[in-house]
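Data block below; observations after.
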Amino acid sequence: MNPIQFIELQKQFPLFSTTTENEWNASVDPSETEVASFVTGEIIQSFQPAQARIGIILKGSAAAFTNDKKIVRKFTAPHLFGLAALFALTPSYPTEIIAASSGEIYWLQGKAIHRLLQNSPGFLQQYLQVTSEKLIFLNAHINLLLHETARERIEAFLIHTWKRNGNPCQISYNRTEWAQYLGISRASLYRELSALEKKNWIEIKNKEIYLTKTYLEKRT
């Protein structure tokens with residue numbers, strides 16, 4: 001990987017933002033990196049990978065699925081995954097990563113990550129930060145599923161999304177995927193959205209969802 005490529009990696013991913021070029025060159029052997037292309041529907045990362053490594057989606061998009069094919073998360077480039085399994089005795093992942101569109105991925109083997117953690121204090125700090133953010137995301141999903149009713153889960157999701165981005169609520173899932181993420185049926189999702197709209201708590205315009213002033217005054 002030449003210096004220009006490393007600079008681009010630094011620009012796109014906070015994980016490498018404080019790693020120096022010297023630290024990178026001292027830690028990463030070119031043979032431990034690989035750039036590969038993928039096509040829609042291709043399994044990018046299986047539950048039982050052949051080796052411990054992280055993947056960085058440079059172009060395109062993908063989604064993480066559970067063993068029973070329920071969606072956990074959708075993401076588009078740039079996106080990094082695979083940190084959780086690097087230090088496991090037997091590398092295994094709780095989800096399977098499947099390409100949602102064609103793209104390109106950069107692989108970095110776990111051995112190189114281990115050396116970066118030893119050689120670069122800045123990388124160590126960023127590694128812990130990125131890992132913590134991913135744990136926060138997973139905990140938020142768990143907390144969402146602790147709500148008992150479909151309406152409570154939908155409302156919790158919409159409020160969380162609104163707090164991050166405002167109106168309209170940015171939902172990257174289609175309705176089937178969203179229902180899977182919430183752990184409810186598609187019919188329940190449509191029924192509850194219709195009920196919330198009749199209460200004037202949400203407005204649906206061109207498939208975008210807006211939380212109304214009446215609802216926000218009630219919830220915040």
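To be explicit about the labels: the chains of the structure tokens are called A, B, and onward in the order shown, and within each one the residues are counted from 1, while ligands get numbers from 1 in the order they are shown.
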For this session: Would you mind listing what lies within 7 Å of stretch 202-209 of chain A as a ChimeraX atom specification, with only C-alpha atoms counted and same-chain residues fewer than 5 positions away left out?
Result: /A:168-169,196-197
Kindly assemble as a Markdown table a list of the stretch 64-108 of chain A residues that lie within 9 Å of stretch 179-193 of chain A, each paired with its nearest atom pair and their distance in Å to one decimal, using only C-alpha atoms, sorted first by chain and then by ascending residue number.
```
| residue | atom | partner | partner_atom | distance |
| --- | --- | --- | --- | --- |
| A:Lys70 | CA | A:Gln180 | CA | 5.7 |
| A:Ile71 | CA | A:Tyr181 | CA | 5.8 |
| A:Val72 | CA | A:Tyr181 | CA | 5.7 |
| A:Arg73 | CA | A:Tyr181 | CA | 7.6 |
```
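Comparing the minimum interatomic distances between A:Asn25 and each of A:Lys59, A:Arg115, A:His160, A:His141, counting only C-alpha atoms, we find that A:Arg115 sits nearest.
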Problem set entry | Within 10 Å of A:Leu58 using only C-alpha atoms, minus same-chain residues under 6 positions, as a PyMOL selection string | chain A and resi 9+12+35-37+76-80+103-106
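Using only C-alpha atoms, the contacts of A:Glu133 at a cut-off of 12 Å, with sequence neighbours closer than 5 positions omitted, comprise Pro14, Leu15, Leu80, Phe81, Leu83, Ala84, Gln126, Tyr127, Leu128, Leu138, Asn139 and Ala140 of chain A.
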Exercise. To one decimal place, how far is atom CA of A:Pro30 from atom CA of A:Ser46 in Å?
Worked result: 23.7 Å
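Among the candidates A:Leu144, A:Leu108, A:Val130, A:Leu211, the one nearest to A:Ser17 when counting only C-alpha atoms is A:Val130.
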Problem set entry | For A:Lys163, the nearest of the candidates A:Arg151, A:Lys74, A:Arg219, A:Lys199, counting only C-alpha atoms | A:Arg219
Problem set entry | Polymer residues at most 6 Å from stretch 90-99 of chain A, only C-alpha atoms, same-chain spacing of 5 or more positions, as a PyMOL selection string | chain A and resi 40-48+52+62-66+85
Take the residues from that selection and put them in a file with C-alpha atoms, as a CSV table (one decimal), in the first residue's frame.
```
chain,number,residue,atom,x,y,z
A,40,THR,CA,-24.7,-7.6,-5.3
A,41,GLY,CA,-25.8,-10.6,-3.2
A,42,GLU,CA,-22.2,-11.9,-2.6
A,43,ILE,CA,-21.4,-13.0,0.9
A,44,ILE,CA,-18.6,-10.6,2.0
A,45,GLN,CA,-18.1,-12.0,5.5
A,46,SER,CA,-19.4,-15.3,6.8
A,47,PHE,CA,-20.1,-16.3,10.4
A,48,GLN,CA,-17.0,-18.5,10.5
A,52,ALA,CA,-9.3,-12.9,11.7
A,62,ALA,CA,-23.8,-4.1,2.3
A,63,ALA,CA,-26.0,-5.3,5.2
A,64,ALA,CA,-25.5,-7.5,8.2
A,65,PHE,CA,-27.9,-10.5,8.7
A,66,THR,CA,-28.5,-12.9,11.6
A,85,ALA,CA,-13.7,-11.0,16.6
```
What parts of stretch 24-55 of chain A does DSSP call helix (DSSP H, G or I)? I'd like the answer as a CSV table (one decimal) with C-alpha atoms, in the first residue's frame.
```csv
chain,number,residue,atom,x,y,z
A,24,TRP,CA,1.9,2.0,9.6
A,25,ASN,CA,5.0,0.9,7.6
A,26,ALA,CA,6.5,-0.7,10.7
A,27,SER,CA,3.3,-2.6,11.5
A,30,PRO,CA,1.7,-5.5,2.2
A,31,SER,CA,1.0,-9.2,2.1
A,32,GLU,CA,-1.4,-8.7,5.0
```
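The shortest atom-to-atom distance to A:Phe6, with only C-alpha atoms taken into account, belongs to A:Val28 out of A:Ile57, A:Val39, A:Val28, A:Ala88.
The interatomic distance for the pair atom CA of A:Gly60 and atom CA of A:Ser101 works out to 5.6 Å.
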For this session: Just list the residues in stretch 9-83 of chain A DSSP gives strand (DSSP E or B) on the backbone, as a ChimeraX atom specification.
Result: /A:33-38,43-45,53-59,61-65,71-76,79-81
Writing out the chosen residues with C-alpha atoms as a compact mmCIF listing (two decimals), in the first residue's frame:
```txt
# COMPACT_ATOMS: atom_id res chain seq x y z
CA THR A 33 -3.64 -6.32 2.97
CA GLU A 34 -5.91 -6.97 0.02
CA VAL A 35 -8.33 -4.95 -2.09
CA ALA A 36 -11.16 -7.01 -3.59
CA SER A 37 -14.34 -6.30 -5.51
CA PHE A 38 -17.79 -7.73 -4.75
CA ILE A 43 -21.35 -12.99 0.95
CA ILE A 44 -18.57 -10.62 1.98
CA GLN A 45 -18.07 -12.02 5.48
CA ARG A 53 -9.36 -9.65 9.81
CA ILE A 54 -11.25 -6.42 9.45
CA GLY A 55 -13.05 -5.29 6.33
CA ILE A 56 -13.35 -1.73 5.09
CA ILE A 57 -15.99 -1.11 2.45
CA LEU A 58 -14.49 1.46 0.10
CA LYS A 59 -17.28 1.50 -2.49
CA SER A 61 -23.10 -1.00 0.25
CA ALA A 62 -23.84 -4.08 2.34
CA ALA A 63 -26.01 -5.34 5.17
CA ALA A 64 -25.49 -7.52 8.24
CA PHE A 65 -27.88 -10.46 8.73
CA ILE A 71 -31.36 -7.75 8.95
CA VAL A 72 -29.36 -6.12 11.74
CA ARG A 73 -27.86 -3.14 10.00
CA LYS A 74 -27.36 -1.60 6.56
CA PHE A 75 -24.30 0.45 5.70
CA THR A 76 -22.72 2.21 2.76
CA HIS A 79 -17.71 1.54 6.56
CA LEU A 80 -15.54 -0.69 8.75
CA PHE A 81 -16.53 -4.01 10.32
```
